[in-house]
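K.L.:
File follows, final_35.txt with compact mmCIF, C-alpha atoms:
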# COMPACT_ATOMS: atom_id res chain seq x y z
CA MET Y 96 -13.28 7.90 -8.74
CA PRO Y 97 -12.92 7.20 -5.00
CA ARG Y 98 -11.31 3.94 -3.98
CA ALA Y 99 -12.00 1.86 -0.89
CA ILE Y 100 -9.37 2.46 1.79
CA TRP Y 101 -10.36 -0.50 3.99
CA SER Y 102 -12.56 -3.57 3.83
CA GLY Y 103 -13.91 -5.75 6.60
CA ALA Y 104 -17.21 -6.41 8.32
CA ILE Y 105 -19.58 -4.77 10.80
CA SER Y 106 -20.09 -7.16 13.69
CA PHE Y 107 -23.08 -6.97 16.05
CA GLY Y 108 -24.16 -9.99 18.03
CA LEU Y 109 -23.52 -13.01 15.82
CA VAL Y 110 -24.25 -11.06 12.61
CA ASN Y 111 -21.43 -10.00 10.27
CA VAL Y 112 -22.02 -7.49 7.46
CA PRO Y 113 -19.11 -7.28 4.96
CA VAL Y 114 -18.43 -3.65 4.05
CA LYS Y 115 -15.97 -1.37 2.29
CA LEU Y 116 -14.84 1.98 3.68
CA TYR Y 117 -14.57 5.18 1.64
CA SER Y 118 -13.55 8.62 2.80
CA ALA Y 119 -16.57 10.94 2.73
CA VAL Y 120 -14.54 14.14 2.26
CA SER Y 121 -11.93 15.44 -0.17
CA ARG Y 122 -10.05 18.38 1.33
CA LYS Y 123 -9.55 21.32 -1.04
CA THR Y 124 -6.71 23.02 0.83
CA VAL Y 125 -4.37 25.06 -1.41
CA ARG Y 126 -0.88 23.72 -0.73
CA PHE Y 127 2.36 25.60 -1.38
CA HIS Y 128 5.95 24.37 -1.72
CA GLN Y 129 8.92 26.14 -0.16
CA LEU Y 130 11.26 27.59 -2.82
CA ASN Y 131 14.56 29.47 -2.93
CA ALA Y 132 13.61 33.09 -3.67
CA ASP Y 133 16.62 33.46 -6.02
CA THR Y 134 16.62 30.18 -7.98
CA ARG Y 135 12.93 29.17 -7.58
CA ALA Y 136 14.18 25.65 -6.76
CA ARG Y 137 12.47 23.42 -4.16
CA ILE Y 138 13.83 23.51 -0.62
CA GLN Y 139 14.87 20.13 0.79
CA GLN Y 140 14.28 19.28 4.42
CA LYS Y 141 17.23 17.63 6.19
CA ARG Y 142 17.32 15.78 9.51
CA VAL Y 143 20.10 17.44 11.50
CA ASP Y 144 21.50 16.56 14.93
CA ALA Y 145 20.78 19.56 17.19
CA GLN Y 146 24.01 18.88 19.11
CA THR Y 147 26.55 18.25 16.32
CA GLY Y 148 24.85 20.05 13.43
CA GLU Y 149 25.47 17.00 11.22
CA GLU Y 150 22.85 15.36 9.01
CA VAL Y 151 21.53 12.07 10.41
CA PRO Y 152 20.69 9.20 8.01
CA TYR Y 153 17.14 7.88 8.28
CA GLU Y 154 18.21 4.44 9.53
CA ARG Y 155 19.95 6.02 12.54
CA ILE Y 156 16.81 7.86 13.75
CA VAL Y 157 14.92 6.44 16.74
CA LYS Y 158 11.77 7.52 18.55
CA GLY Y 159 12.04 9.25 21.91
CA TYR Y 160 9.49 10.60 24.39
CA GLU Y 161 10.53 13.67 26.40
CA VAL Y 162 9.94 13.01 30.12
CA ALA Y 163 11.87 16.11 31.27
CA PRO Y 164 13.66 18.95 29.46
CA ASP Y 165 16.25 17.30 27.13
CA ASN Y 166 15.66 13.95 28.82
CA TYR Y 167 14.17 11.30 26.54
CA VAL Y 168 13.02 7.70 26.85
CA VAL Y 169 13.92 5.85 23.65
CA ILE Y 170 11.28 3.40 22.40
CA GLU Y 171 12.24 0.65 19.96
CA PRO Y 172 9.94 -0.18 17.00
CA ASN Y 173 9.41 -3.77 18.17
CA GLU Y 174 8.36 -2.50 21.61
CA LEU Y 175 5.63 -0.38 20.01
CA GLU Y 176 4.57 -3.20 17.70
CA ALA Y 177 4.04 -5.46 20.72
CA LEU Y 178 1.47 -2.93 21.98
CA ASP Y 179 -0.39 -2.58 18.69
CA PRO Y 180 -4.09 -3.53 18.85
CA GLU Y 181 -4.98 -6.88 17.37
CA LYS Y 182 -5.26 -6.46 13.62
CA THR Y 183 -8.82 -7.48 12.87
CA ARG Y 184 -11.11 -6.80 9.95
CA THR Y 185 -14.21 -6.10 11.99
CA ILE Y 186 -16.04 -3.03 13.18
CA ASP Y 187 -17.20 -4.25 16.58
CA ILE Y 188 -20.40 -2.54 17.72
CA ILE Y 189 -20.37 -1.90 21.48
CA ASP Y 190 -23.60 0.05 22.03
CA PHE Y 191 -26.58 1.57 20.23
CA VAL Y 192 -27.39 5.09 21.48
CA ASP Y 193 -29.66 8.01 20.62
CA GLU Y 194 -27.95 10.43 18.24
CA SER Y 195 -29.14 13.37 20.35
CA GLU Y 196 -26.96 12.09 23.21
CA ILE Y 197 -23.74 12.57 21.20
CA ASP Y 198 -22.20 16.03 21.36
CA PRO Y 199 -20.97 16.88 17.81
CA ILE Y 200 -17.65 17.99 19.33
CA TYR Y 201 -16.71 14.30 19.54
CA TYR Y 202 -16.94 13.72 15.76
CA ASP Y 203 -13.67 13.70 13.81
CA HIS Y 204 -13.47 12.35 10.22
CA PRO Y 205 -16.45 11.06 8.18
CA TYR Y 206 -16.53 7.96 5.98
CA TYR Y 207 -19.04 6.01 3.92
CA LEU Y 208 -19.65 2.32 4.57
CA VAL Y 209 -20.98 0.42 1.55
CA PRO Y 210 -21.90 -3.26 1.31
CA ASP Y 211 -19.32 -5.66 -0.07
CA LYS Y 212 -20.25 -8.39 -2.55
CA GLY Y 213 -23.11 -10.57 -1.36
CA ALA Y 214 -23.84 -8.39 1.70
CA ALA Y 215 -26.59 -6.15 0.31
CA LYS Y 216 -29.46 -7.76 2.24
CA ALA Y 217 -27.68 -7.90 5.61
CA TYR Y 218 -26.47 -4.32 5.06
CA GLN Y 219 -29.98 -3.01 4.30
CA LEU Y 220 -31.35 -4.94 7.26
CA LEU Y 221 -28.90 -3.22 9.63
CA ARG Y 222 -29.38 0.21 8.04
CA GLY Y 223 -33.17 -0.07 8.05
CA ALA Y 224 -33.34 -1.34 11.64
CA MET Y 225 -31.10 1.48 12.89
CA GLU Y 226 -33.15 4.06 10.99
CA GLN Y 227 -36.40 2.67 12.34
CA ALA Y 228 -35.07 2.57 15.92
CA GLY Y 229 -33.48 6.02 15.58
CA LYS Y 230 -30.18 4.73 16.93
CA VAL Y 231 -26.48 5.32 16.29
CA ALA Y 232 -23.97 2.49 16.73
CA ILE Y 233 -20.84 3.14 18.80
CA ALA Y 234 -18.05 0.78 17.77
CA LYS Y 235 -14.31 0.21 17.67
CA VAL Y 236 -12.23 -0.55 14.59
CA VAL Y 237 -8.52 -0.96 13.83
CA ILE Y 238 -7.37 0.92 10.71
CA ARG Y 239 -3.67 1.24 9.86
CA SER Y 240 -2.60 -0.21 13.24
CA LYS Y 241 -4.62 2.41 15.13
CA GLU Y 242 -7.72 1.59 17.12
CA SER Y 243 -10.47 4.17 16.69
CA LEU Y 244 -13.78 4.83 18.37
CA VAL Y 245 -16.45 5.36 15.70
CA ALA Y 246 -20.11 6.25 15.31
CA ILE Y 247 -22.15 4.55 12.57
CA ARG Y 248 -25.31 6.30 11.39
CA PRO Y 249 -27.86 5.67 8.64
CA ALA Y 250 -27.92 8.47 6.06
CA GLY Y 251 -30.39 7.90 3.26
CA GLU Y 252 -29.52 4.64 1.51
CA VAL Y 253 -26.05 4.27 3.06
CA LEU Y 254 -24.36 4.00 6.42
CA THR Y 255 -21.84 6.64 7.43
CA MET Y 256 -19.01 6.12 9.90
CA SER Y 257 -17.32 8.96 11.78
CA THR Y 258 -14.17 8.50 13.82
CA MET Y 259 -14.61 10.03 17.27
CA LEU Y 260 -12.42 11.70 19.84
CA PHE Y 261 -12.03 9.92 23.15
CA HIS Y 262 -13.43 11.66 26.21
CA ASP Y 263 -10.03 12.76 27.55
CA GLU Y 264 -9.13 14.36 24.19
CA VAL Y 265 -11.92 16.95 24.48
CA VAL Y 266 -10.95 20.07 26.45
CA PRO Y 267 -13.52 20.63 29.23
CA VAL Y 268 -15.20 24.04 29.30
CA ASP Y 269 -14.17 24.61 32.91
CA GLY Y 270 -10.54 24.40 31.76
CA ILE Y 271 -10.85 27.75 29.96
CA ASP Y 272 -9.35 30.32 32.33
CA GLU Y 273 -11.02 33.38 30.78
CA LEU Y 274 -14.53 31.96 31.07
CA PRO Y 275 -16.34 34.21 33.58
CA ALA Y 276 -17.53 32.68 36.81
CA GLU Y 277 -21.26 32.02 36.91
CA GLU Y 278 -21.87 34.70 39.53
CA LYS Y 279 -19.96 37.26 37.47
CA ALA Y 280 -21.63 36.40 34.15
CA ALA Y 281 -23.49 39.25 32.51
CA LYS Y 282 -27.26 39.26 32.95
CA VAL Y 283 -29.54 39.73 29.97
CA THR Y 284 -33.09 41.05 30.02
CA LYS Y 285 -36.15 39.31 28.59
CA ARG Y 286 -36.51 42.06 25.99
CA GLU Y 287 -32.95 41.50 24.81
CA LEU Y 288 -33.59 37.76 24.58
CA ASP Y 289 -36.82 38.32 22.62
CA MET Y 290 -35.08 40.65 20.16
CA ALA Y 291 -32.16 38.23 19.74
CA GLU Y 292 -34.66 35.43 19.06
CA GLN Y 293 -36.41 37.67 16.53
CA LEU Y 294 -33.08 38.30 14.79
CA ILE Y 295 -32.38 34.55 14.69
CA GLY Y 296 -35.86 33.99 13.21
CA SER Y 297 -35.27 36.58 10.48
CA LEU Y 298 -32.03 34.82 9.48
CA THR Y 299 -33.43 31.30 9.65
CA ALA Y 300 -33.32 29.28 6.41
CA ASP Y 301 -33.16 25.69 5.19
CA PHE Y 302 -29.62 24.31 5.25
CA ASP Y 303 -28.19 24.21 1.72
CA PRO Y 304 -24.52 23.13 1.73
CA GLU Y 305 -24.00 24.44 -1.83
CA LYS Y 306 -24.77 27.93 -0.58
CA TYR Y 307 -21.52 28.18 1.34
CA ARG Y 308 -18.12 28.48 -0.36
CA ASP Y 309 -14.53 28.76 0.80
CA GLU Y 310 -14.19 32.32 -0.49
CA TYR Y 311 -10.60 32.63 0.72
CA ARG Y 312 -9.58 29.56 -1.32
CA ASP Y 313 -11.34 31.04 -4.36
CA ARG Y 314 -9.37 34.28 -3.96
CA VAL Y 315 -6.06 32.40 -3.55
CA LEU Y 316 -6.69 30.29 -6.69
CA ASN Y 317 -7.67 33.43 -8.60
CA LEU Y 318 -4.44 35.12 -7.48
CA ILE Y 319 -2.36 32.10 -8.56
CA GLU Y 320 -4.00 32.02 -12.00
CA ARG Y 321 -3.51 35.74 -12.57
CA LYS Y 322 0.17 35.52 -11.62
CA ALA Y 323 0.61 32.41 -13.80
CA GLU Y 324 -0.66 34.49 -16.73
CA GLY Y 325 1.99 37.14 -16.04
CA GLU Y 326 -0.20 39.76 -14.39
CA GLU Y 327 1.51 42.17 -12.01
CA ILE Y 328 -0.28 42.19 -8.68
CA ALA Y 329 -0.43 45.43 -6.69
CA VAL Y 330 -1.01 44.81 -2.99
CA ALA Y 331 -2.45 47.71 -1.01
CA ALA Y 332 -1.37 48.13 2.59
CA ALA Y 333 -3.96 46.88 5.04
CA PRO Y 334 -5.60 49.75 6.95
CA ALA Y 335 -4.75 49.95 10.62
CA GLU Y 336 -7.49 48.44 12.71
CA GLU Y 337 -8.79 50.83 15.32
CA ALA Y 338 -10.32 49.74 18.58
CA LYS Y 339 -14.06 50.31 18.54
CA PRO Y 340 -16.15 51.08 21.60
CA ALA Y 341 -18.53 48.39 22.81
CA PRO Y 342 -21.80 48.82 20.88
CA ASP Y 343 -25.14 49.53 22.50
CA LEU Y 344 -26.63 46.02 22.56
CA MET Y 345 -30.27 47.03 22.01
CA ALA Y 346 -29.38 49.44 19.21
CA ALA Y 347 -27.25 46.77 17.53
CA LEU Y 348 -30.10 44.22 17.76
CA GLU Y 349 -32.63 46.67 16.33
CA ALA Y 350 -30.30 47.63 13.45
CA SER Y 351 -29.56 43.97 12.71
CA ILE Y 352 -33.26 43.05 12.58
CA LYS Y 353 -33.96 45.99 10.27
CA ALA Y 354 -31.08 45.01 7.96
CA ALA Y 355 -32.23 41.37 7.88
CA LYS Y 356 -35.77 42.38 6.90
CA GLY Y 357 -34.72 44.70 4.06
CA ASP Y 358 -33.42 48.17 3.18
CA ASP Y 359 -35.07 51.53 3.81
CA ASP Y 360 -37.24 51.21 0.69
CA GLY Y 361 -38.76 47.99 1.96
CA LYS Y 362 -37.02 45.91 -0.73
CA PRO Y 363 -35.56 42.54 0.26
CA ALA Y 364 -31.86 42.91 0.96
CA GLY Y 365 -30.91 39.26 0.41
CA LYS Y 366 -31.50 38.67 -3.33
CA PRO Y 367 -29.15 41.34 -4.80
CA ALA Y 368 -26.45 40.17 -2.39
CA ARG Y 369 -26.79 36.59 -3.62
CA LYS Y 370 -26.62 37.77 -7.24
CA ARG Y 371 -23.45 39.72 -6.49
CA ALA Y 372 -21.98 36.72 -4.72
CA ALA Y 373 -22.79 34.48 -7.69
CA ALA Y 374 -21.27 36.96 -10.13
CA LYS Y 375 -18.15 37.25 -7.99
CA SER Y 376 -17.89 33.47 -7.74
CA SER Y 377 -18.03 33.10 -11.52
CA SER Y 378 -15.31 35.70 -12.01
CA ASN Y 379 -12.84 34.66 -9.33
CA GLY Y 380 -11.53 31.45 -10.88
CA SER Y 381 -13.78 29.13 -8.89
CA ASP Y 382 -15.06 27.19 -11.91
CA GLY Y 383 -13.17 24.06 -10.91
CA LYS Y 384 -10.28 24.65 -13.35
CA LYS Y 385 -6.73 24.44 -12.03
CA PRO Y 386 -4.55 27.58 -12.05
CA GLY Y 387 -3.04 28.11 -15.47
CA ALA Y 388 -5.96 26.53 -17.36
CA ARG Y 389 -6.97 29.88 -18.84
CA ARG Y 390 -3.37 30.58 -19.76
CA ARG Y 391 -3.15 27.34 -21.76
CA SER Y 392 -6.44 28.05 -23.54
CA LYS Y 393 -5.24 31.54 -24.50
CA ALA Y 394 -1.78 30.45 -25.59
CA SER Y 395 -2.72 30.65 -29.28
CA SER Y 396 -3.96 34.26 -29.10
CA PRO Y 397 -1.46 37.17 -28.85
CA LYS Y 398 -1.73 39.55 -25.94
CA LYS Y 399 -2.98 43.02 -26.66
Transcribe the structure of this file into structure tokens.

P.N.:
Amino acid sequence: MPRAIWSGAISFGLVNVPVKLYSAVSRKTVRFHQLNADTRARIQQKRVDAQTGEEVPYERIVKGYEVAPDNYVVIEPNELEALDPEKTRTIDIIDFVDESEIDPIYYDHPYYLVPDKGAAKAYQLLRGAMEQAGKVAIAKVVIRSKESLVAIRPAGEVLTMSTMLFHDEVVPVDGIDELPAEEKAAKVTKRELDMAEQLIGSLTADFDPEKYRDEYRDRVLNLIERKAEGEEIAVAAAPAEEAKPAPDLMAALEASIKAAKGDDDGKPAGKPARKRAAAKSSSNGSDGKKPGARRRSKASSPKK
């Protein structure tokens, strides 16, 4: 069960709304440990002086900022602490803005904000007013000694809070060297645009988050489980990738539209693919069990 990682209050005007903060995501990354190939023992990381080659105890390590090659400015912990933002327990709303004005590139990590004890009415008042006005709150909050810019949005019966990147942390498009100059950009015809729009229309569907899976993670977990059960894995060499000539744009659009509509017999192409995907998902170890679960359940039955 998720636990609150922070508690405080949303502050706007003279109104305070006590809230608790919960992370809205749980990363499912498959993590590996580094092992000795011969002993299968864990590898330990050591802090070694690049000059002497000797291990340095933790209490002798200081922070340094490189201002030139091999030239560092050493910063003491108390010097950094003196610069820490004031440790408050409030999410201070600065502005209310239209959500359409915020480029999604600025969003970082999502959280849920839920009302603390005795704050249900004030919480629902703020959530309902924001929903009715169609506004997003831009605020600042200090969490773990770090000040963050955040966006608070109503989402159903709760408020969500997303940490945001600051403006100078987003790479501007004109900083990409390989982006073609406007006068050199390729021109497209109206017919090409119409066909591309038709292709987009044929692939348009309602957004269903459960439809999309991390298929690579499923394959990795399936591989781990098979190896944990003692299966020998044969890995085929990857075929050499050959450079392909640039496709004829119109021909590619026409073929894509035809494929999206169905096969040559006029049958829908999407449904069998979904059935295959579902069957594959159920057979690739993606049932939520940890690797080795099948091995434990089969431990009582002899192998054939």

K.L.:
Please, what distance in Å, to one decimal, runs between CA of Leu344 in chain Y and CA of Lys356 in chain Y?

P.N.:
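One can read the CA of Leu344 in chain Y to CA of Lys356 in chain Y distance as 18.5 Å.
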
K.L.:
Quick check, in Å to one decimal: how far apart do CA of Thr183 in chain Y and CA of Val114 in chain Y lie?

P.N.:
13.6 Å

K.L.:
Tell me which residues come within 9 Å of (-21.1, 1.0, 6.5), as a PyMOL selection string, counting all atoms listed in the file in the file's coordinates.

P.N.:
chain Y and resi 104-105+112-116+206-210+218+222+247-249+253-256

K.L.:
Any chance you could export the current selection's C-alpha atoms as a short mmCIF file (atom, residue, chain, number, x, y, z; two decimals), in the frame of the given file?

P.N.:
data_model
loop_
_atom_site.label_atom_id
_atom_site.label_comp_id
_atom_site.auth_asym_id
_atom_site.auth_seq_id
_atom_site.Cartn_x
_atom_site.Cartn_y
_atom_site.Cartn_z
CA ALA Y 104 -17.21 -6.41 8.32
CA ILE Y 105 -19.58 -4.77 10.80
CA VAL Y 112 -22.02 -7.49 7.46
CA PRO Y 113 -19.11 -7.28 4.96
CA VAL Y 114 -18.43 -3.65 4.05
CA LYS Y 115 -15.97 -1.37 2.29
CA LEU Y 116 -14.84 1.98 3.68
CA TYR Y 206 -16.53 7.96 5.98
CA TYR Y 207 -19.04 6.01 3.92
CA LEU Y 208 -19.65 2.32 4.57
CA VAL Y 209 -20.98 0.42 1.55
CA PRO Y 210 -21.90 -3.26 1.31
CA TYR Y 218 -26.47 -4.32 5.06
CA ARG Y 222 -29.38 0.21 8.04
CA ILE Y 247 -22.15 4.55 12.57
CA ARG Y 248 -25.31 6.30 11.39
CA PRO Y 249 -27.86 5.67 8.64
CA VAL Y 253 -26.05 4.27 3.06
CA LEU Y 254 -24.36 4.00 6.42
CA THR Y 255 -21.84 6.64 7.43
CA MET Y 256 -19.01 6.12 9.90
#

K.L.:
For Glu226 in chain Y, which of Y:Ile156, Y:Ile138, Y:Ile188, Y:Ala250 is the closest residue, counting all atoms listed in the file?

P.N.:
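Looking only at the distances to Glu226 in chain Y, the closest residue turns out to be Y:Ala250.
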
K.L.:
Figure out the distance between CA of Ala215 in chain Y and CA of Met259 in chain Y, please, to one decimal in Å.

P.N.:
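Computing the Euclidean distance for CA of Met259 in chain Y and CA of Ala215 in chain Y yields 26.3 Å.
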
K.L.:
Excluding Arg312 in chain Y and any residue of its chain fewer than 2 positions from it, enumerate the residues within 10 Å of it, using only C-alpha atoms, and give them as a PyMOL selection string.

P.N.:
chain Y and resi 123-125+308-310+314-318+380-381

K.L.:
Could you check the closest approach to Glu242 in chain Y for each of Y:Ile186, Y:Ala214, Y:Ala323, Y:Leu130 and tell me which residue wins, using only C-alpha atoms?

P.N.:
Y:Ile186

K.L.:
For Leu294 in chain Y, which residue among Y:Ser240, Y:Ser351, Y:Ser257, Y:Gln146 is the nearest when counting all atoms listed in the file?

P.N.:
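Selected residue with least distance to Leu294 in chain Y: Y:Ser351.
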
K.L.:
Counting all atoms listed in the file, what is within 12 Å of Ile200 in chain Y, bar same-chain residues fewer than 6 positions away, as a VMD selection string?

P.N.:
chain Y and resid 257 to 262 264 to 268

K.L.:
Just C-alpha atoms for this one: save the residues we selected as an mmCIF file, in the frame of the given file.

P.N.:
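Listing of selection-v1.cif after writing:
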data_model
loop_
_atom_site.group_PDB
_atom_site.id
_atom_site.type_symbol
_atom_site.label_atom_id
_atom_site.label_comp_id
_atom_site.auth_asym_id
_atom_site.auth_seq_id
_atom_site.Cartn_x
_atom_site.Cartn_y
_atom_site.Cartn_z
ATOM 1 C CA SER Y 257 -17.320 8.960 11.780
ATOM 2 C CA THR Y 258 -14.170 8.500 13.820
ATOM 3 C CA MET Y 259 -14.610 10.030 17.270
ATOM 4 C CA LEU Y 260 -12.420 11.700 19.840
ATOM 5 C CA PHE Y 261 -12.030 9.920 23.150
ATOM 6 C CA HIS Y 262 -13.430 11.660 26.210
ATOM 7 C CA GLU Y 264 -9.130 14.360 24.190
ATOM 8 C CA VAL Y 265 -11.920 16.950 24.480
ATOM 9 C CA VAL Y 266 -10.950 20.070 26.450
ATOM 10 C CA PRO Y 267 -13.520 20.630 29.230
ATOM 11 C CA VAL Y 268 -15.200 24.040 29.300
#

K.L.:
With distances taken over all atoms listed in the file, which of Y:Gly357, Y:Arg137, Y:Ala145, Y:Ile233 is nearest to Tyr202 in chain Y?

P.N.:
Y:Ile233

K.L.:
Of the candidates Y:Arg122, Y:Gly325, Y:Ile352, Y:Leu221, which shows the shortest atom-to-atom distance to Met290 in chain Y, using only C-alpha atoms?

P.N.:
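Result for the nearest residue to Met290 in chain Y: Y:Ile352.
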
K.L.:
Could you list, as a VMD selection string, every residue within 12 Å of Lys182 in chain Y, counting all atoms listed in the file and ignoring same-chain residues fewer than 5 positions away?

P.N.:
chain Y and resid 103 176 to 177 235 to 242
